[in-house]
file protein.txt (compact mmCIF, C-alpha atoms)
# COMPACT_ATOMS: atom_id res chain seq x y z
CA MET A 1 105.64 93.30 117.57
CA THR A 2 102.21 92.37 118.79
CA ASP A 3 98.95 94.03 118.04
CA ARG A 4 100.31 96.11 115.25
CA SER A 5 98.15 97.88 112.76
CA VAL A 6 98.93 96.64 109.29
CA SER A 7 97.19 99.52 107.66
CA TRP A 8 98.90 102.33 109.42
CA THR A 9 99.67 105.28 107.29
CA ASP A 10 99.69 108.97 107.80
CA PRO A 11 96.07 109.93 108.61
CA GLU A 12 96.00 112.78 106.13
CA SER A 13 97.46 110.62 103.40
CA VAL A 14 94.97 107.86 104.12
CA ALA A 15 92.04 110.24 103.94
CA ARG A 16 93.29 111.73 100.70
CA LEU A 17 94.10 108.38 99.11
CA LEU A 18 90.91 106.69 100.21
CA ALA A 19 88.96 109.60 98.77
CA ARG A 20 90.68 108.96 95.49
CA ALA A 21 90.17 105.21 95.72
CA THR A 22 86.47 105.49 96.50
CA ALA A 23 85.69 108.44 94.28
CA PRO A 24 82.74 107.74 91.95
CA ARG A 25 84.02 106.76 88.59
CA ARG A 26 82.90 108.16 85.31
CA VAL A 27 81.13 104.98 84.28
CA THR A 28 79.16 105.01 87.50
CA ALA A 29 78.23 108.63 87.02
CA THR A 30 77.09 107.99 83.47
CA LEU A 31 75.03 105.01 84.54
CA ALA A 32 73.44 107.12 87.24
CA ARG A 33 72.48 109.70 84.66
CA VAL A 34 71.05 106.99 82.38
CA ALA A 35 69.08 105.59 85.31
CA SER A 36 67.82 109.07 86.04
CA VAL A 37 66.62 109.40 82.45
CA ALA A 38 64.98 105.99 82.72
CA ARG A 39 63.20 107.05 85.88
CA SER A 40 61.95 110.20 84.20
CA VAL A 41 60.62 108.08 81.31
CA ARG A 42 58.78 105.85 83.76
CA ALA A 43 57.59 108.69 85.95
CA PRO A 44 54.46 109.76 84.01
CA ALA A 45 53.04 106.25 84.13
CA ALA A 46 53.71 105.93 87.82
CA ALA A 47 52.18 109.31 88.51
CA ARG A 48 48.79 108.47 87.03
CA PRO A 49 46.46 108.24 90.03
CA SER A 50 43.71 106.29 88.26
CA VAL A 51 45.92 103.34 87.47
CA PRO A 52 46.19 100.74 90.24
CA PRO A 53 49.70 100.42 91.60
CA ALA A 54 49.84 96.74 90.68
CA ARG A 55 49.41 97.56 87.02
CA VAL A 56 51.96 100.32 87.00
CA SER A 57 54.84 97.94 87.08
CA VAL A 58 53.37 95.38 84.70
CA PRO A 59 53.61 97.19 81.39
CA ALA A 60 57.28 97.78 81.08
CA PRO A 61 58.29 100.80 79.09
CA PRO A 62 59.55 100.14 75.60
CA PRO A 63 63.13 98.90 75.80
CA ALA A 64 64.32 101.49 73.34
CA ALA A 65 63.04 104.29 75.53
CA VAL A 66 65.18 103.11 78.46
CA ALA A 67 68.19 101.76 76.70
CA GLU A 68 68.83 104.67 74.40
CA PRO A 69 70.38 107.57 76.26
CA PRO A 70 69.77 111.04 74.92
CA ALA A 71 72.20 112.20 72.30
CA SER A 72 73.69 114.72 74.71
CA LEU A 73 75.07 112.00 77.02
CA PRO A 74 78.68 111.07 76.27
CA VAL A 75 79.32 107.52 75.17
CA THR A 76 81.58 105.94 77.76
CA PRO A 77 83.88 103.15 76.61
CA ALA A 78 83.21 99.80 78.19
CA ARG A 79 86.69 99.63 79.61
CA THR A 80 88.93 102.56 80.40
CA ALA A 81 92.69 102.32 80.05
CA VAL A 82 94.60 102.00 83.31
CA PRO A 83 96.86 105.02 83.78
CA LYS A 84 100.50 104.39 84.45
CA LEU A 85 101.63 104.96 87.99
CA VAL A 86 103.68 108.13 88.35
CA GLN A 87 105.70 108.56 91.53
CA LEU A 88 106.38 112.21 92.29
CA SER A 89 107.84 111.80 95.79
CA GLU A 90 111.21 110.48 96.86
CA ASN A 91 109.82 109.53 100.26
CA PRO A 92 109.39 105.74 100.54
CA SER A 93 106.23 105.97 102.64
CA ASP A 94 104.61 108.41 100.21
CA ARG A 95 105.56 106.16 97.30
CA LEU A 96 104.02 103.14 98.98
CA ASP A 97 100.85 105.09 99.78
CA THR A 98 100.60 106.17 96.17
CA LEU A 99 101.05 102.59 95.00
CA MET A 100 98.31 101.40 97.37
CA ALA A 101 95.90 104.05 96.13
CA TRP A 102 96.70 103.37 92.49
CA THR A 103 96.17 99.63 92.96
CA LEU A 104 92.86 99.99 94.77
CA ASP A 105 91.66 102.54 92.26
CA ASN A 106 92.62 100.76 89.07
CA GLN A 107 92.45 97.04 89.75
CA HIS A 108 89.56 94.78 90.66
CA CYS A 109 90.48 94.16 94.28
CA THR A 110 89.17 94.75 97.76
CA GLY A 111 92.56 94.83 99.46
CA ALA A 112 96.18 95.37 98.58
CA PHE A 113 99.56 95.16 100.26
CA VAL A 114 103.28 95.52 99.77
CA ALA A 115 105.54 93.12 101.64
CA ASP A 116 109.21 92.30 101.65
CA ASP A 117 110.53 88.84 100.85
CA ASN A 118 110.24 87.84 104.51
CA GLY A 119 106.53 88.55 104.46
CA LEU A 120 106.85 91.69 106.56
CA THR A 121 104.30 94.36 105.77
CA LEU A 122 105.42 97.65 104.26
CA ALA A 123 101.94 98.89 103.48
CA ALA A 124 98.52 97.27 103.49
CA HIS A 125 94.88 98.09 103.12
CA GLY A 126 91.93 95.74 103.49
CA ILE A 127 93.94 92.64 104.31
CA SER A 128 95.15 91.13 107.56
CA GLU A 129 98.79 90.92 108.51
CA ALA A 130 98.44 87.13 108.73
CA HIS A 131 97.56 86.99 105.06
CA VAL A 132 100.38 89.32 104.13
CA SER A 133 102.86 87.14 106.00
CA LEU A 134 102.20 84.22 103.66
CA VAL A 135 104.35 86.04 101.13
CA GLY A 136 107.45 84.87 103.02
CA PRO A 137 106.87 81.11 102.68
CA LEU A 138 105.36 81.63 99.24
CA LEU A 139 108.49 83.25 97.84
CA SER A 140 110.69 80.70 99.62
CA ALA A 141 108.71 77.89 98.02
CA LEU A 142 109.19 79.43 94.60
CA VAL A 143 112.97 79.19 94.86
CA GLY A 144 112.75 75.57 93.75
CA VAL A 145 110.30 76.44 90.99
CA ARG A 146 112.65 79.09 89.63
CA SER A 147 115.46 76.59 89.40
CA ILE A 148 113.67 75.15 86.38
CA PRO A 149 115.12 76.79 83.26
CA GLY A 150 112.78 79.27 81.64
CA ILE A 151 110.49 79.63 84.66
CA ASP A 152 110.27 83.20 85.91
CA ALA A 153 107.59 82.77 88.60
CA THR A 154 107.50 86.44 89.60
CA ALA A 155 103.72 86.69 89.39
CA GLY A 156 100.80 84.47 90.18
CA ALA A 157 97.57 83.94 92.06
CA LEU A 158 96.74 81.95 95.15
CA TRP A 159 93.32 80.88 96.39
CA LEU A 160 93.01 81.89 100.06
CA GLY A 161 89.75 80.11 100.76
CA ASN A 162 87.42 83.06 100.37
CA ASN A 163 89.38 85.31 98.08
CA MET A 164 92.03 85.15 95.43
CA MET A 165 95.35 86.82 96.08
CA SER A 166 97.15 87.94 92.95
CA TRP A 167 100.73 89.00 93.41
CA VAL A 168 103.77 90.23 91.56
CA GLU A 169 107.38 90.48 92.66
CA ALA A 170 110.09 93.02 91.94
CA ARG A 171 113.72 92.52 92.84
CA THR A 172 116.09 95.24 93.93
CA GLU A 173 119.58 95.27 95.36
CA ARG A 174 117.97 95.43 98.81
CA GLY A 175 115.92 92.33 98.24
CA SER A 176 112.57 91.43 96.77
CA PHE A 177 109.28 93.20 97.27
CA CYS A 178 105.86 91.80 96.60
CA LEU A 179 102.69 93.64 95.65
CA GLY A 180 99.51 91.68 96.29
CA ALA A 181 95.89 92.35 95.46
CA VAL A 182 93.02 90.44 97.03
CA GLY A 183 89.70 90.07 95.25
CA ALA A 184 87.05 87.65 94.14
CA GLU A 185 88.98 86.59 91.06
CA ALA A 186 92.55 86.36 89.91
CA LEU A 187 93.82 89.35 87.98
CA SER A 188 94.47 89.03 84.29
CA THR A 189 97.93 88.79 82.78
CA GLU A 190 97.58 92.38 81.60
CA ALA A 191 96.69 93.53 85.11
CA LEU A 192 99.61 91.62 86.60
CA ASN A 193 101.96 93.32 84.15
CA GLN A 194 100.53 96.69 85.20
CA LEU A 195 101.04 95.82 88.86
CA LYS A 196 104.59 94.69 88.22
CA GLU A 197 105.50 97.86 86.39
CA ALA A 198 103.95 99.96 89.15
CA LEU A 199 105.80 98.03 91.85
CA GLU A 200 109.12 98.36 90.03
CA VAL A 201 108.64 102.11 89.71
CA THR A 202 107.81 102.33 93.41
CA VAL A 203 110.59 100.25 94.92
CA ARG A 204 113.27 101.67 92.64
CA ASP A 205 115.74 103.52 94.91
CA LEU A 206 113.61 102.67 97.91
CA MET B 1 135.93 112.39 110.71
CA ILE B 2 132.14 112.24 110.75
CA ASP B 3 130.08 114.75 108.80
CA THR B 4 127.37 115.56 111.34
CA LYS B 5 125.37 117.51 108.78
CA LEU B 6 124.93 114.32 106.79
CA LEU B 7 123.93 112.55 109.99
CA ASP B 8 121.30 115.21 110.63
CA LEU B 9 119.99 114.74 107.10
CA ALA B 10 119.89 110.99 107.67
CA VAL B 11 117.83 111.50 110.82
CA GLN B 12 115.45 113.77 108.93
CA ASP B 13 115.10 111.12 106.25
CA LEU B 14 114.39 108.52 108.91
CA ARG B 15 111.65 110.70 110.37
CA SER B 16 110.06 111.10 106.96
CA VAL B 17 110.13 107.35 106.38
CA LEU B 18 108.76 106.26 109.76
CA ARG B 19 106.65 109.39 110.24
CA ASP B 20 105.09 109.48 113.71
CA GLY B 21 106.08 105.86 114.23
CA LEU B 22 109.53 107.12 115.20
CA ILE B 23 109.52 108.18 118.83
CA ALA B 24 113.21 108.84 119.32
CA THR B 25 116.57 108.16 117.76
CA ASP B 26 120.21 108.85 118.56
CA ILE B 27 123.44 108.23 116.70
CA TRP B 28 126.42 108.12 119.01
CA ASP B 29 130.06 107.21 119.27
CA ARG B 30 130.28 104.01 121.23
CA THR B 31 133.62 104.85 122.81
CA ASP B 32 132.63 108.08 124.53
CA GLY B 33 128.84 107.89 124.35
CA LEU B 34 128.69 111.27 122.63
CA SER B 35 125.51 111.72 120.64
CA LEU B 36 126.27 113.15 117.19
CA ALA B 37 122.73 113.46 115.84
CA GLY B 38 119.27 112.59 116.96
CA PHE B 39 115.64 113.31 117.41
CA ASN B 40 114.06 113.48 120.84
CA ALA B 41 117.46 112.50 122.26
CA GLN B 42 117.59 110.01 125.13
CA PRO B 43 120.96 110.17 126.97
CA VAL B 44 119.97 107.36 129.36
CA ALA B 45 119.13 105.09 126.44
CA VAL B 46 122.49 105.90 124.86
CA ALA B 47 124.30 104.71 127.96
CA LEU B 48 122.04 101.67 128.33
CA PHE B 49 122.39 100.44 124.77
CA THR B 50 126.11 101.05 124.68
CA ARG B 51 126.40 98.74 127.65
CA ILE B 52 123.95 96.17 126.27
CA THR B 53 125.69 96.11 122.89
CA THR B 54 129.13 95.71 124.44
CA GLU B 55 127.88 92.87 126.65
CA LEU B 56 126.08 91.24 123.75
CA GLU B 57 129.13 91.35 121.48
CA SER B 58 131.48 90.02 124.13
CA SER B 59 129.04 87.27 125.13
CA MET B 60 128.61 86.18 121.52
CA ALA B 61 132.36 86.16 121.01
CA ASP B 62 132.89 84.12 124.19
CA SER B 63 130.29 81.64 122.98
CA ASN B 64 131.91 81.37 119.55
CA PHE B 65 128.80 82.80 117.94
CA PRO B 66 129.03 84.81 114.73
CA PRO B 67 129.52 88.50 115.53
CA LEU B 68 126.71 91.02 115.57
CA ALA B 69 125.96 92.19 112.04
CA ARG B 70 123.69 95.10 111.15
CA TYR B 71 121.18 95.44 113.95
CA TYR B 72 119.20 93.87 116.77
CA LEU B 73 115.65 94.46 117.94
CA ILE B 74 114.07 94.42 121.39
CA ASP B 75 110.32 94.06 121.77
CA LEU B 76 109.22 96.33 124.63
CA ALA B 77 105.96 96.41 126.54
CA GLY B 78 103.45 98.97 125.36
CA ASN B 79 103.78 98.22 121.65
CA HIS B 80 107.24 99.65 121.33
CA THR B 81 110.32 98.30 119.66
CA ALA B 82 113.90 99.35 120.27
CA ALA B 83 116.19 98.86 117.31
CA VAL B 84 119.93 99.22 117.68
CA ILE B 85 121.92 99.60 114.47
CA ASN B 86 125.58 98.70 114.37
CA HIS B 87 127.45 101.29 112.31
CA GLY B 88 130.85 100.05 113.50
CA SER B 89 132.37 102.70 115.78
CA LEU B 90 128.96 104.38 115.86
CA LEU B 91 125.76 102.98 117.26
CA GLN B 92 122.24 104.11 116.60
CA GLY B 93 119.19 103.50 118.71
CA MET B 94 115.62 103.89 117.56
CA LEU B 95 112.45 103.72 119.58
CA VAL B 96 109.51 102.84 117.34
CA ASP B 97 105.77 102.73 117.96
CA ASN B 98 104.62 99.37 116.59
CA LYS B 99 101.12 100.63 115.97
CA ARG B 100 102.31 103.41 113.72
CA ALA B 101 105.22 101.88 111.86
CA ASN B 102 105.25 98.58 110.04
CA LEU B 103 108.03 96.12 110.72
CA GLY B 104 108.63 95.75 106.99
CA ILE B 105 109.26 99.48 106.60
CA LEU B 106 111.64 99.41 109.55
CA ILE B 107 113.70 96.42 108.46
CA SER B 108 113.56 96.63 104.69
CA VAL B 109 113.60 100.38 104.17
CA ALA B 110 114.54 102.46 107.22
CA ILE B 111 117.50 100.45 108.52
CA PRO B 112 119.17 99.90 105.11
CA ARG B 113 118.80 103.61 104.33
CA MET B 114 120.35 104.56 107.69
CA LEU B 115 123.26 102.18 107.12
CA ASP B 116 123.94 103.75 103.72
CA ALA B 117 123.53 107.29 105.01
CA VAL B 118 125.87 106.87 107.98
CA ALA B 119 128.46 105.14 105.78
CA LYS B 120 128.41 108.19 103.50
CA ALA B 121 128.86 110.51 106.50
CA ARG B 122 132.18 108.97 107.42

call {"tool": "encode", "arguments": {"input": "protein.txt", "output": "structure tokens"}}
result
Amino acid sequence: MTDRSVSWTDPESVARLLARATAPRRVTATLARVASVARSVRAPAAARPSVPPARVSVPAPPPAAVAEPPASLPVTPARTAVPKLVQLSENPSDRLDTLMAWTLDNQHCTGAFVADDNGLTLAAHGISEAHVSLVGPLLSALVGVRSIPGIDATAGALWLGNNMMSWVEARTERGSFCLGAVGAEALSTEALNQLKEALEVTVRDL
Amino acid sequence: MIDTKLLDLAVQDLRSVLRDGLIATDIWDRTDGLSLAGFNAQPVAVALFTRITTELESSMADSNFPPLARYYLIDLAGNHTAAVINHGSLLQGMLVDNKRANLGILISVAIPRMLDAVAKAR
């Protein structure tokens, strides 16, 4: 098993899912519109030919003129609710692809993966197979931790050196599966709960 | 009595799980080498893996090793893996493209599903 691609998926599915994952979000679109309004406010000053260019940028427009969007623009909430993952397919590969797309789209991460309890990759995007394989020894090491009464240890975060890997685990009759997300910071408890619920929905009847 | 329709469904399910990572598969009776279901059937591979499995099991028994359990894997040149699943009186061979199918999918999803499906076909 050398030289394997850890991110292999069906090409059509990848294209479709990546399009979803990288689609411009509503907040971004709104900000772009606000920026466009701000540019139009600044534009008359910049267009005056008699004013030297150096002075154009000095007098900043009144803050209220830039900060206040027109009344017609919708007010976007600062944080949108994360939709629950819905799995419509019975096919394991489709379910894993859907989970990958949902994770990349809704969580603050640059890469994501699903691995079994031996650290073998089931699906991955934006992370090397070497990093995914650390799930095996990680879960083995947690066996001792879980022997302590009251310690669940089915979620956590691990500093990889350059990134933080946040992970959750779901157990089935066929073993454990781990969903990991790699990003600059560890995910919040709320985000980990969302990941765990999504993973459990995905690996159910896998 | 084996329900070959269920075996065919199991092979279809395997193809959907491994997608184009699955190059070929056969399910056959190890006593007569008769293939009961498959995809891109390989009669030579059926004969080869019947012989290899028989030799492997007898060698392990002679060495007082534990018997063969669910499967064994062979890493082949050219980024291919041969997986042989032990269904008891039936054997199943799979040729997998390593670049198109993840090992985790093969071991944690595809093989357990095939074991369940073939058990139900009996």

call {"tool": "residues_around", "arguments": {"input": "protein.txt", "residues": "stretch 78-85 of chain B", "least_positions_apart": "3", "cutoff": "10 Å", "atoms": "all atoms listed in the file", "output": "mmCIF file with C-alpha atoms, in the frame of the given file"}}
result
data_model
loop_
_atom_site.group_PDB
_atom_site.id
_atom_site.type_symbol
_atom_site.label_atom_id
_atom_site.label_comp_id
_atom_site.auth_asym_id
_atom_site.auth_seq_id
_atom_site.Cartn_x
_atom_site.Cartn_y
_atom_site.Cartn_z
ATOM 1 C CA MET A 1 105.640 93.300 117.570
ATOM 2 C CA THR A 2 102.210 92.370 118.790
ATOM 3 C CA ASP A 3 98.950 94.030 118.040
ATOM 4 C CA ARG A 4 100.310 96.110 115.250
ATOM 5 C CA GLY B 21 106.080 105.860 114.230
ATOM 6 C CA LEU B 22 109.530 107.120 115.200
ATOM 7 C CA ILE B 23 109.520 108.180 118.830
ATOM 8 C CA ALA B 24 113.210 108.840 119.320
ATOM 9 C CA THR B 25 116.570 108.160 117.760
ATOM 10 C CA ASP B 26 120.210 108.850 118.560
ATOM 11 C CA ILE B 27 123.440 108.230 116.700
ATOM 12 C CA ALA B 45 119.130 105.090 126.440
ATOM 13 C CA PHE B 49 122.390 100.440 124.770
ATOM 14 C CA THR B 50 126.110 101.050 124.680
ATOM 15 C CA ILE B 52 123.950 96.170 126.270
ATOM 16 C CA THR B 53 125.690 96.110 122.890
ATOM 17 C CA LEU B 68 126.710 91.020 115.570
ATOM 18 C CA ALA B 69 125.960 92.190 112.040
ATOM 19 C CA ARG B 70 123.690 95.100 111.150
ATOM 20 C CA TYR B 71 121.180 95.440 113.950
ATOM 21 C CA TYR B 72 119.200 93.870 116.770
ATOM 22 C CA LEU B 73 115.650 94.460 117.940
ATOM 23 C CA ILE B 74 114.070 94.420 121.390
ATOM 24 C CA ASP B 75 110.320 94.060 121.770
ATOM 25 C CA GLY B 88 130.850 100.050 113.500
ATOM 26 C CA LEU B 90 128.960 104.380 115.860
ATOM 27 C CA LEU B 91 125.760 102.980 117.260
ATOM 28 C CA GLN B 92 122.240 104.110 116.600
ATOM 29 C CA GLY B 93 119.190 103.500 118.710
ATOM 30 C CA MET B 94 115.620 103.890 117.560
ATOM 31 C CA LEU B 95 112.450 103.720 119.580
ATOM 32 C CA VAL B 96 109.510 102.840 117.340
ATOM 33 C CA ASP B 97 105.770 102.730 117.960
ATOM 34 C CA ASN B 98 104.620 99.370 116.590
ATOM 35 C CA LYS B 99 101.120 100.630 115.970
ATOM 36 C CA ARG B 100 102.310 103.410 113.720
ATOM 37 C CA ALA B 101 105.220 101.880 111.860
ATOM 38 C CA LEU B 103 108.030 96.120 110.720
ATOM 39 C CA LEU B 106 111.640 99.410 109.550
ATOM 40 C CA ILE B 107 113.700 96.420 108.460
ATOM 41 C CA ILE B 111 117.500 100.450 108.520
ATOM 42 C CA PRO B 112 119.170 99.900 105.110
ATOM 43 C CA MET B 114 120.350 104.560 107.690
ATOM 44 C CA LEU B 115 123.260 102.180 107.120
#

call {"tool": "atom_distance", "arguments": {"input": "protein.txt", "atom1": "atom CA of A:Leu85", "atom2": "atom CA of A:Cys178"}}
result
16.3 Å

call {"tool": "closest_residue", "arguments": {"input": "protein.txt", "among": "A:Leu158, A:Val143, A:Ala198, A:Val203", "to": "A:Thr172", "atoms": "all atoms listed in the file"}}
result
A:Val203

call {"tool": "residues_around", "arguments": {"input": "protein.txt", "residues": "stretch 138-141 of chain A", "least_positions_apart": "3", "cutoff": "9 Å", "atoms": "all atoms listed in the file", "output": "PyMOL selection string"}}
result
chain A and resi 117-119+134-135+144-145+154+169

call {"tool": "atom_distance", "arguments": {"input": "protein.txt", "atom1": "atom CA of B:Lys5", "atom2": "atom CA of B:Asn86"}}
result
19.6 Å

call {"tool": "atom_distance", "arguments": {"input": "protein.txt", "atom1": "atom CA of A:Ala186", "atom2": "atom CA of A:Leu206"}}
result
27.8 Å

call {"tool": "closest_residue", "arguments": {"input": "protein.txt", "among": "B:Val17, B:Met1, B:Met60, B:Ile105", "to": "A:Phe177", "atoms": "all atoms listed in the file"}}
result
B:Ile105

call {"tool": "residues_near_point", "arguments": {"input": "protein.txt", "point": "(101.7, 88.8, 105.4)", "cutoff": "9 Å", "atoms": "all atoms listed in the file", "output": "PDB file with C-alpha atoms, keeping the file's coordinate frame"}}
result
ATOM      1  CA  PHE A 113      99.560  95.160 100.260  1.00  0.00           C
ATOM      2  CA  VAL A 114     103.280  95.520  99.770  1.00  0.00           C
ATOM      3  CA  ALA A 115     105.540  93.120 101.640  1.00  0.00           C
ATOM      4  CA  ASN A 118     110.240  87.840 104.510  1.00  0.00           C
ATOM      5  CA  GLY A 119     106.530  88.550 104.460  1.00  0.00           C
ATOM      6  CA  LEU A 120     106.850  91.690 106.560  1.00  0.00           C
ATOM      7  CA  THR A 121     104.300  94.360 105.770  1.00  0.00           C
ATOM      8  CA  ILE A 127      93.940  92.640 104.310  1.00  0.00           C
ATOM      9  CA  SER A 128      95.150  91.130 107.560  1.00  0.00           C
ATOM     10  CA  GLU A 129      98.790  90.920 108.510  1.00  0.00           C
ATOM     11  CA  ALA A 130      98.440  87.130 108.730  1.00  0.00           C
ATOM     12  CA  HIS A 131      97.560  86.990 105.060  1.00  0.00           C
ATOM     13  CA  VAL A 132     100.380  89.320 104.130  1.00  0.00           C
ATOM     14  CA  SER A 133     102.860  87.140 106.000  1.00  0.00           C
ATOM     15  CA  LEU A 134     102.200  84.220 103.660  1.00  0.00           C
ATOM     16  CA  VAL A 135     104.350  86.040 101.130  1.00  0.00           C
ATOM     17  CA  GLY A 136     107.450  84.870 103.020  1.00  0.00           C
TER      18      GLY A 136
END

call {"tool": "residues_around", "arguments": {"input": "protein.txt", "residues": "B:Pro43", "least_positions_apart": "2", "cutoff": "10 Å", "atoms": "only C-alpha atoms", "output": "ChimeraX atom specification"}}
result
/B:26,28,33-35,40-41,45-48

call {"tool": "closest_residue", "arguments": {"input": "protein.txt", "among": "B:Val11, B:Leu76, B:Leu6, B:Ala121", "to": "chain A", "atoms": "all atoms listed in the file"}}
result
B:Leu76

call {"tool": "closest_residue", "arguments": {"input": "protein.txt", "among": "B:Ser63, B:Arg113, B:Ser89, B:Asp32", "to": "B:Ser16", "atoms": "all atoms listed in the file"}}
result
B:Arg113

call {"tool": "residues_around", "arguments": {"input": "protein.txt", "residues": "B:Thr4", "least_positions_apart": "2", "cutoff": "8 Å", "atoms": "only C-alpha atoms", "output": "list in words"}}
result
Ile2, Leu6, Leu7, Asp8, Leu36, Ala37 and Ala121 of chain B

call {"tool": "residues_around", "arguments": {"input": "protein.txt", "residues": "A:Thr98", "least_positions_apart": "5", "cutoff": "9 Å", "atoms": "all atoms listed in the file", "output": "list in words"}}
result
Leu17, Leu85, Val86, Gln87, Ser93, Thr103 and Thr202 of chain A

call {"tool": "write_last_selection", "arguments": {"input": "protein.txt", "atoms": "C-alpha atoms", "output": "compact mmCIF listing (two decimals), in the frame of the given file"}}
result
# COMPACT_ATOMS: atom_id res chain seq x y z
CA LEU A 17 94.10 108.38 99.11
CA LEU A 85 101.63 104.96 87.99
CA VAL A 86 103.68 108.13 88.35
CA GLN A 87 105.70 108.56 91.53
CA SER A 93 106.23 105.97 102.64
CA THR A 103 96.17 99.63 92.96
CA THR A 202 107.81 102.33 93.41

call {"tool": "closest_residue", "arguments": {"input": "protein.txt", "among": "B:Ser108, B:Arg51, B:Val118, B:Thr31", "to": "A:Ala123", "atoms": "all atoms listed in the file"}}
result
B:Ser108

call {"tool": "closest_residue", "arguments": {"input": "protein.txt", "among": "B:Asp3, B:Pro66, B:Asp13, B:His87", "to": "chain A", "atoms": "only C-alpha atoms"}}
result
B:Asp13
